[in-house]
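As stored in upload_15.pdb (PDB, C-alpha atoms):
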```pdb
ATOM      1  CA  ALA A   1      13.019  33.822  47.724
ATOM      2  CA  LYS A   2      16.267  33.500  49.638
ATOM      3  CA  VAL A   3      19.770  34.879  50.088
ATOM      4  CA  ARG A   4      21.688  34.282  46.878
ATOM      5  CA  PRO A   5      25.300  32.976  46.649
ATOM      6  CA  ILE A   6      27.800  35.626  47.711
ATOM      7  CA  VAL A   7      29.884  37.415  45.066
ATOM      8  CA  ALA A   8      33.386  38.675  45.878
ATOM      9  CA  CYS A   9      36.482  40.028  44.190
ATOM     10  CA  LYS A  10      39.933  38.532  44.812
ATOM     11  CA  GLY A  11      40.625  40.950  47.667
ATOM     12  CA  THR A  12      44.132  41.139  49.063
ATOM     13  CA  THR A  13      45.606  39.113  46.205
ATOM     14  CA  CYS A  14      44.965  42.271  44.160
ATOM     15  CA  GLN A  15      47.422  45.157  44.562
ATOM     16  CA  TYR A  16      44.538  47.463  45.517
ATOM     17  CA  GLY A  17      42.728  45.122  47.912
ATOM     18  CA  LEU A  18      42.124  46.481  51.411
ATOM     19  CA  LEU A  19      40.434  43.424  52.915
ATOM     20  CA  ASP A  20      40.238  39.675  52.476
ATOM     21  CA  SER A  21      37.002  39.830  50.515
ATOM     22  CA  PHE A  22      37.090  36.142  49.602
ATOM     23  CA  GLY A  23      37.576  35.107  53.249
ATOM     24  CA  LEU A  24      34.703  37.356  54.324
ATOM     25  CA  SER A  25      32.491  36.036  51.519
ATOM     26  CA  GLU A  26      33.068  32.458  52.732
ATOM     27  CA  LYS A  27      31.841  33.419  56.204
ATOM     28  CA  LEU A  28      28.830  35.210  54.697
ATOM     29  CA  HIS A  29      28.130  32.146  52.551
ATOM     30  CA  GLU A  30      28.079  29.789  55.542
ATOM     31  CA  LEU A  31      26.095  32.108  57.793
ATOM     32  CA  PHE A  32      23.477  33.416  55.383
ATOM     33  CA  TYR A  33      23.371  31.375  52.169
ATOM     34  CA  VAL A  34      23.661  28.037  53.990
ATOM     35  CA  GLY A  35      22.536  29.049  57.470
ATOM     36  CA  TYR A  36      19.507  31.055  56.287
ATOM     37  CA  HIS A  37      18.480  28.555  53.614
ATOM     38  CA  GLY A  38      15.190  27.925  55.388
ATOM     39  CA  VAL A  39      14.372  31.638  55.773
ATOM     40  CA  THR A  40      11.868  32.940  53.253
ATOM     41  CA  LEU A  41      12.326  36.555  52.148
ATOM     42  CA  PRO A  42      10.032  38.876  50.145
ATOM     43  CA  HIS A  43      12.440  38.617  47.197
ATOM     44  CA  LYS A  44      15.976  37.446  46.432
ATOM     45  CA  PHE A  45      18.745  39.111  48.450
ATOM     46  CA  LYS A  46      22.116  39.566  46.760
ATOM     47  CA  ILE A  47      25.358  40.381  48.595
ATOM     48  CA  ALA A  48      28.692  41.455  47.076
ATOM     49  CA  VAL A  49      32.040  42.068  48.772
ATOM     50  CA  GLY A  50      34.572  44.391  47.163
ATOM     51  CA  GLY A  51      38.119  44.717  48.433
ATOM     52  CA  CYS A  52      38.477  48.390  47.529
ATOM     53  CA  PRO A  53      36.544  51.362  46.094
ATOM     54  CA  ASN A  54      37.339  50.277  42.512
ATOM     55  CA  ASN A  55      34.027  48.364  42.794
ATOM     56  CA  CYS A  56      35.009  45.593  40.392
ATOM     57  CA  VAL A  57      32.178  43.317  41.593
ATOM     58  CA  LYS A  58      29.662  46.201  41.678
ATOM     59  CA  PRO A  59      28.773  46.103  45.421
ATOM     60  CA  ASP A  60      26.586  49.180  44.945
ATOM     61  CA  LEU A  61      24.358  47.263  42.501
ATOM     62  CA  ASN A  62      23.491  44.555  45.035
ATOM     63  CA  ASP A  63      20.915  44.489  47.820
ATOM     64  CA  LEU A  64      23.825  44.816  50.229
ATOM     65  CA  GLY A  65      27.369  45.736  49.304
ATOM     66  CA  ILE A  66      30.529  45.705  51.402
ATOM     67  CA  VAL A  67      33.618  47.673  50.369
ATOM     68  CA  GLY A  68      37.052  47.862  51.985
ATOM     69  CA  GLN A  69      38.060  51.314  53.216
ATOM     70  CA  ARG A  70      41.317  52.974  54.279
ATOM     71  CA  ILE A  71      40.398  56.285  55.893
ATOM     72  CA  PRO A  72      43.059  59.005  56.045
ATOM     73  CA  GLY A  73      43.608  61.285  59.006
ATOM     74  CA  PHE A  74      45.753  64.413  58.719
ATOM     75  CA  ASP A  75      48.291  65.735  61.235
ATOM     76  CA  ALA A  76      48.932  69.368  60.295
ATOM     77  CA  ASP A  77      51.944  69.612  62.599
ATOM     78  CA  LYS A  78      53.793  66.946  60.612
ATOM     79  CA  CYS A  79      52.991  68.388  57.184
ATOM     80  CA  LYS A  80      55.980  70.327  55.789
ATOM     81  CA  GLY A  81      54.148  71.775  52.808
ATOM     82  CA  CYS A  82      56.426  70.114  50.247
ATOM     83  CA  LYS A  83      56.549  71.871  46.891
ATOM     84  CA  LYS A  84      55.929  68.489  45.252
ATOM     85  CA  CYS A  85      53.455  66.759  47.599
ATOM     86  CA  GLN A  86      53.636  62.978  47.175
ATOM     87  CA  VAL A  87      50.168  62.522  48.689
ATOM     88  CA  GLU A  88      48.674  64.900  46.129
ATOM     89  CA  ALA A  89      50.563  63.166  43.312
ATOM     90  CA  ALA A  90      49.391  59.705  44.416
ATOM     91  CA  CYS A  91      45.674  60.511  44.684
ATOM     92  CA  PRO A  92      43.965  58.751  41.732
ATOM     93  CA  ILE A  93      40.826  60.887  41.950
ATOM     94  CA  LYS A  94      42.707  64.177  42.451
ATOM     95  CA  ILE A  95      41.007  65.387  45.618
ATOM     96  CA  ALA A  96      44.161  65.730  47.745
ATOM     97  CA  LYS A  97      45.370  69.297  47.252
ATOM     98  CA  VAL A  98      48.048  71.497  48.798
ATOM     99  CA  VAL A  99      46.330  74.651  50.030
ATOM    100  CA  GLU A 100      48.298  77.442  51.702
ATOM    101  CA  GLY A 101      51.242  75.176  52.363
ATOM    102  CA  LYS A 102      49.303  72.201  53.791
ATOM    103  CA  VAL A 103      47.810  69.152  52.129
ATOM    104  CA  VAL A 104      44.008  69.053  52.315
ATOM    105  CA  ILE A 105      41.909  65.921  51.747
ATOM    106  CA  ASP A 106      38.198  66.611  51.402
ATOM    107  CA  PRO A 107      36.543  63.944  53.634
ATOM    108  CA  ALA A 108      33.307  64.145  51.635
ATOM    109  CA  ALA A 109      35.049  63.528  48.301
ATOM    110  CA  CYS A 110      37.686  61.000  49.388
ATOM    111  CA  ASN A 111      36.742  57.435  48.432
ATOM    112  CA  HIS A 112      39.138  55.946  51.030
ATOM    113  CA  CYS A 113      41.121  53.913  48.524
ATOM    114  CA  GLY A 114      44.340  54.228  50.546
ATOM    115  CA  ARG A 115      46.518  54.736  47.478
ATOM    116  CA  CYS A 116      48.268  57.643  49.231
ATOM    117  CA  ARG A 117      49.422  55.471  52.145
ATOM    118  CA  GLY A 118      53.143  55.574  52.740
ATOM    119  CA  LYS A 119      53.679  58.420  50.272
ATOM    120  CA  CYS A 120      54.278  61.206  52.804
ATOM    121  CA  PRO A 121      57.922  61.032  54.011
ATOM    122  CA  PHE A 122      56.939  62.827  57.223
ATOM    123  CA  ASP A 123      53.974  60.571  58.124
ATOM    124  CA  ALA A 124      51.526  63.471  58.110
ATOM    125  CA  ILE A 125      48.752  61.066  57.070
ATOM    126  CA  SER A 126      47.618  58.194  59.292
ATOM    127  CA  TYR A 127      45.002  55.605  58.371
ATOM    128  CA  VAL A 128      42.174  53.542  59.818
ATOM    129  CA  ASP A 129      41.054  50.423  57.933
ATOM    130  CA  GLY A 130      37.370  49.603  57.833
ATOM    131  CA  TYR A 131      34.327  48.500  55.861
ATOM    132  CA  LYS A 132      31.639  50.518  54.109
ATOM    133  CA  VAL A 133      28.204  48.876  53.970
ATOM    134  CA  SER A 134      25.680  50.049  51.374
ATOM    135  CA  ILE A 135      22.069  48.942  51.016
ATOM    136  CA  GLY A 136      19.381  48.947  48.362
ATOM    137  CA  GLY A 137      21.180  48.386  45.076
ATOM    138  CA  ARG A 138      19.821  46.307  42.199
ATOM    139  CA  TRP A 139      20.533  45.469  38.579
ATOM    140  CA  GLY A 140      18.245  44.298  35.787
ATOM    141  CA  LYS A 141      15.112  45.717  34.196
ATOM    142  CA  LYS A 142      15.092  48.315  36.968
ATOM    143  CA  THR A 143      18.329  49.613  38.470
ATOM    144  CA  ALA A 144      19.156  51.336  41.746
ATOM    145  CA  THR A 145      22.440  52.383  43.311
ATOM    146  CA  ALA A 146      22.920  51.310  46.911
ATOM    147  CA  GLN A 147      23.247  54.039  49.529
ATOM    148  CA  PRO A 148      26.033  53.780  52.123
ATOM    149  CA  LEU A 149      25.174  53.660  55.798
ATOM    150  CA  ASN A 150      26.592  56.666  57.634
ATOM    151  CA  TYR A 151      29.034  54.589  59.643
ATOM    152  CA  VAL A 152      32.380  53.000  58.937
ATOM    153  CA  PHE A 153      32.618  49.531  60.478
ATOM    154  CA  THR A 154      36.032  48.600  61.857
ATOM    155  CA  THR A 155      35.636  44.891  62.625
ATOM    156  CA  GLU A 156      34.450  41.903  60.637
ATOM    157  CA  GLU A 157      32.132  40.991  63.520
ATOM    158  CA  GLU A 158      30.324  44.312  63.169
ATOM    159  CA  VAL A 159      29.870  43.733  59.435
ATOM    160  CA  LEU A 160      28.450  40.222  59.906
ATOM    161  CA  ASP A 161      26.079  41.572  62.551
ATOM    162  CA  MET A 162      24.908  44.328  60.182
ATOM    163  CA  VAL A 163      24.313  41.878  57.329
ATOM    164  CA  GLU A 164      22.135  39.774  59.614
ATOM    165  CA  LYS A 165      20.191  42.844  60.739
ATOM    166  CA  ALA A 166      19.584  43.867  57.124
ATOM    167  CA  ILE A 167      18.323  40.424  56.106
ATOM    168  CA  CYS A 168      16.039  40.175  59.130
ATOM    169  CA  PHE A 169      14.739  43.695  58.548
ATOM    170  CA  PHE A 170      13.893  42.804  54.945
ATOM    171  CA  ARG A 171      12.184  39.601  56.113
ATOM    172  CA  ASP A 172      10.084  41.459  58.685
ATOM    173  CA  GLU A 173       9.259  44.739  56.918
ATOM    174  CA  GLY A 174       9.475  43.898  53.232
ATOM    175  CA  ILE A 175       6.372  43.130  51.173
ATOM    176  CA  SER A 176       6.224  39.933  49.162
ATOM    177  CA  GLY A 177       7.469  40.526  45.624
ATOM    178  CA  GLU A 178       9.409  43.715  46.304
ATOM    179  CA  ARG A 179      13.204  44.030  46.235
ATOM    180  CA  PHE A 180      15.113  45.489  49.169
ATOM    181  CA  ALA A 181      15.554  48.714  47.170
ATOM    182  CA  ASP A 182      11.766  49.027  46.934
ATOM    183  CA  THR A 183      11.386  48.421  50.665
ATOM    184  CA  ILE A 184      13.885  51.207  51.382
ATOM    185  CA  ASN A 185      12.135  53.588  48.970
ATOM    186  CA  ARG A 186       8.761  52.820  50.520
ATOM    187  CA  LEU A 187       9.870  53.244  54.130
ATOM    188  CA  GLY A 188      12.536  55.896  53.598
ATOM    189  CA  PHE A 189      16.302  55.476  53.832
ATOM    190  CA  ASP A 190      16.577  57.418  57.112
ATOM    191  CA  TYR A 191      14.068  55.114  58.794
ATOM    192  CA  VAL A 192      15.834  51.975  57.569
ATOM    193  CA  GLU A 193      19.269  53.326  58.538
ATOM    194  CA  LYS A 194      18.135  54.105  62.097
ATOM    195  CA  LYS A 195      16.610  50.658  62.409
ATOM    196  CA  LEU A 196      19.824  48.996  61.259
ATOM    197  CA  LEU A 197      22.369  51.125  63.069
ATOM    198  CA  GLY A 198      20.465  51.582  66.314
ATOM    199  CA  VAL A 199      22.762  52.932  69.033
ATOM    200  CA  GLN A 200      26.434  53.178  68.135
ATOM    201  CA  THR A 201      29.187  53.764  70.681
ATOM    202  CA  ALA A 202      31.320  55.957  68.454
ATOM    203  CA  ALA A 203      30.966  58.718  65.899
ATOM    204  CA  PRO A 204      31.628  57.824  62.243
ATOM    205  CA  LEU A 205      35.386  57.458  61.781
ATOM    206  CA  ASN A 206      35.577  59.395  58.525
ATOM    207  CA  LEU A 207      34.805  62.693  60.248
ATOM    208  CA  VAL A 208      37.381  65.391  60.930
ATOM    209  CA  PRO A 209      37.815  66.139  64.688
ATOM    210  CA  TYR A 210      35.308  69.034  64.865
ATOM    211  CA  GLU A 211      32.636  67.072  63.008
ATOM    212  CA  ARG A 212      33.392  64.022  65.160
ATOM    213  CA  ASP A 213      32.834  66.027  68.356
ATOM    214  CA  GLN A 214      29.553  67.387  66.995
ATOM    215  CA  ALA A 215      28.499  63.863  66.042
ATOM    216  CA  PHE A 216      29.163  62.632  69.584
ATOM    217  CA  ARG A 217      27.048  65.453  70.935
ATOM    218  CA  GLU A 218      24.152  64.704  68.591
ATOM    219  CA  LEU A 219      24.336  60.985  69.394
ATOM    220  CA  ALA A 220      24.193  61.612  73.138
ATOM    221  CA  GLU A 221      21.380  64.161  72.899
ATOM    222  CA  SER A 222      19.213  62.491  70.263
ATOM    223  CA  TYR A 223      19.672  58.766  70.784
ATOM    224  CA  ASN A 224      20.444  58.434  74.501
ATOM    225  CA  VAL A 225      23.765  56.877  73.533
ATOM    226  CA  PHE A 226      26.508  56.074  76.039
ATOM    227  CA  ILE A 227      30.136  56.624  75.050
ATOM    228  CA  ILE A 228      32.341  53.806  76.333
ATOM    229  CA  ALA A 229      35.865  54.848  77.400
ATOM    230  CA  ASP A 230      38.866  52.813  78.514
ATOM    231  CA  SER A 231      39.098  51.649  82.098
ATOM    232  CA  PRO A 232      40.458  54.309  84.491
ATOM    233  CA  THR A 233      42.330  51.565  86.359
ATOM    234  CA  ALA A 234      44.244  50.771  83.189
ATOM    235  CA  TYR A 235      44.725  54.367  82.026
ATOM    236  CA  PRO A 236      44.507  56.770  85.005
ATOM    237  CA  ALA A 237      45.510  59.825  82.956
ATOM    238  CA  TYR A 238      42.827  59.048  80.393
ATOM    239  CA  ILE A 239      40.044  60.109  82.774
ATOM    240  CA  GLY A 240      41.291  63.685  82.713
ATOM    241  CA  GLU A 241      41.689  63.627  78.941
ATOM    242  CA  VAL A 242      38.105  62.515  78.381
ATOM    243  CA  GLN A 243      36.712  64.980  80.924
ATOM    244  CA  GLU A 244      38.601  67.888  79.352
ATOM    245  CA  TRP A 245      37.361  66.879  75.911
ATOM    246  CA  ALA A 246      33.771  66.569  77.128
ATOM    247  CA  GLN A 247      33.867  69.931  78.858
ATOM    248  CA  GLU A 248      35.260  71.663  75.771
ATOM    249  CA  PHE A 249      33.233  70.062  73.010
ATOM    250  CA  ILE A 250      29.968  68.681  74.353
ATOM    251  CA  ASN A 251      27.424  69.895  76.860
ATOM    252  CA  VAL A 252      26.802  68.725  80.411
ATOM    253  CA  TYR A 253      23.985  66.379  79.373
ATOM    254  CA  ALA A 254      26.231  64.531  76.942
ATOM    255  CA  HIS A 255      29.084  64.584  79.466
ATOM    256  CA  ASN A 256      26.933  62.472  81.767
ATOM    257  CA  HIS A 257      26.820  59.830  79.069
ATOM    258  CA  ILE A 258      30.498  58.882  79.245
ATOM    259  CA  ILE A 259      31.084  55.522  80.928
ATOM    260  CA  PHE A 260      34.473  54.262  82.075
ATOM    261  CA  CYS A 261      34.669  50.500  82.133
ATOM    262  CA  ASN A 262      37.148  47.666  82.394
ATOM    263  CA  ARG A 263      37.541  45.948  79.023
ATOM    264  CA  LYS A 264      38.103  42.512  80.572
ATOM    265  CA  ASN A 265      35.027  42.623  82.784
ATOM    266  CA  SER A 266      32.712  44.728  80.647
ATOM    267  CA  SER A 267      29.578  43.170  79.211
ATOM    268  CA  PHE A 268      29.469  45.687  76.353
ATOM    269  CA  LYS A 269      29.856  44.067  72.958
ATOM    270  CA  TYR A 270      31.681  46.952  71.275
ATOM    271  CA  GLN A 271      33.946  49.538  72.822
ATOM    272  CA  ASN A 272      35.710  52.408  71.088
ATOM    273  CA  ARG A 273      37.999  55.141  72.338
ATOM    274  CA  PHE A 274      36.673  58.610  71.565
TER     275      PHE A 274
END
```
Spell out the structure here as structure tokens.
Amino acid sequence: AKVRPIVACKGTTCQYGLLDSFGLSEKLHELFYVGYHGVTLPHKFKIAVGGCPNNCVKPDLNDLGIVGQRIPGFDADKCKGCKKCQVEAACPIKIAKVVEGKVVIDPAACNHCGRCRGKCPFDAISYVDGYKVSIGGRWGKKTATAQPLNYVFTTEEEVLDMVEKAICFFRDEGISGERFADTINRLGFDYVEKKLLGVQTAAPLNLVPYERDQAFRELAESYNVFIIADSPTAYPAYIGEVQEWAQEFINVYAHNHIIFCNRKNSSFKYQNRF
């Protein structure tokens, strides 16, 4: 059994597309369908790339699914509490609501479709584009819905790296004849997720600031993670900003896990501002 041909929607040629799903699928095809042709897996491994949360190609019914994301962030100071909120009106799943004169977007319910982008005339909503990766879906005589990893990937390189990790994990820890969904059920999703994600250098991007700060703290305390910050030689004032944030939101132990480094000379593969 091997990696199957990659399935993708038409991506940015669609009015709702948030990523070039066809371009990404071509890279996945060369790296894993062609490049891994000699790798034997416990069962077939199907990958689908969807440009947005409409899920036209059913990414959540594949062994690994990738979906484009546009994650909103809210600036309360810019919100004017309009009587007719354009963000609320534009939300196709009706989870953006004006509460006590401010628009509220539930981060747990938002599907990150980005349909509200550009609707606020005061730019109270900003956005980060990314990728959601889900694992363990299947379709056929037995069905399973893939579960999303608790991390929003912001670069194509990160996504390709995660796909490779997932395939290699299935090769090494799967049992002959079982689908990836069965492997995840047997070992437990939390175990598989920790194996795949390992140490990350940033908290999940879809968290509100308080939850993000708590996530940083838990990462530093539980996983011995180091938070990589911009070089102090490039941004002298940034040192004070990070130190003030660390003192206010995370404990001394986690504070010791902040590293300042020069982007040009750093050997770290990924770096993210807090």
Find the distance between CA of Ala109 (chain A) and CA of Gly198 (chain A) and write it in Å to one decimal.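 Result for CA of Ala109 (chain A) versus CA of Gly198 (chain A): 26.1 Å, one decimal.
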Residues matched by the PyMOL selection byres ((chain A and resi 99) around 12) as a ChimeraX atom specification: /A:76,79,81-83,85,88,95-98,100-106
Reference answer for the PyMOL selection byres ((chain A and resi 59-72) around 8), as number ranges by chain: A: 17-19, 45-53, 55, 57-58, 73-74, 111-114, 125-139, 143-147, 163, 179-181, 205-206
Compile the contact shell of Leu24 (chain A) as a VMD selection string: residues with an atom at most 10 Å away, counting all atoms listed in the file, same-chain residues fewer than 3 positions apart removed. chain A and resid 6 8 11 19 to 21 27 to 29 49 66 156 159 to 160
Among the residues A:Ala1, A:Pro148, A:Asp123, A:Pro107, the one that comes closest to Lys44 (chain A) [using only C-alpha atoms]: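 Once distances to Lys44 (chain A) are computed over only C-alpha atoms, the minimum belongs to A:Ala1.
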Check the smallest atom-to-atom distance from each of A:Leu149, A:Ala89, A:Leu187, A:Leu196 to Phe169 (chain A) using all atoms listed in the file, then report the winner.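 Residue with the minimum atom-to-atom distance to Phe169 (chain A): A:Leu196.
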Report, in Å to a single decimal, how far apart CA of Gly177 (chain A) and CA of Thr40 (chain A) are. 11.6 Å
For CA of Lys142 (chain A) and CA of Cys56 (chain A), quote the distance in Å rounded to one decimal.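 Answer for the CA of Lys142 (chain A) to CA of Cys56 (chain A) separation: 20.4 Å.
Among the candidate residues A:Phe122, A:Gly188, A:His43, A:Ala108, the one lying nearest to Gln86 (chain A) is A:Phe122, with distances computed using all atoms listed in the file.
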Which residue gives the smallest distance to Cys168 (chain A) among A:Val3, A:Lys194, A:Asp182, A:Val152, with all atoms listed in the file counted? A:Val3
Spatial neighbours of Ala90 (chain A), 8 Å, only C-alpha atoms, chain gap at least 4 places, as a PyMOL selection string: chain A and resi 86+115-116+119
Find the smallest box with edges along x, y and z containing every listed atom of region 113-131 of chain A, then add 5 Å on each side and report centre and edge lengths in Å to one decimal, as JSON.
```
{"center_x": 46.1, "center_y": 56.0, "center_z": 53.6, "size_x": 33.6, "size_y": 25.0, "size_z": 22.3}
```
Check the smallest atom-to-atom distance from each of A:Met162, A:Ile93, A:Ile167, A:Ala124 to Lys80 (chain A) using all atoms listed in the file, then report the winner.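 Selected residue with least distance to Lys80 (chain A): A:Ala124.
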Kindly indicate which residue among A:Ile184, A:Val7, A:Leu197, A:Cys120 lies nearest to Glu158 (chain A), using all atoms listed in the file for the distances.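 Residue with the minimum atom-to-atom distance to Glu158 (chain A): A:Leu197.
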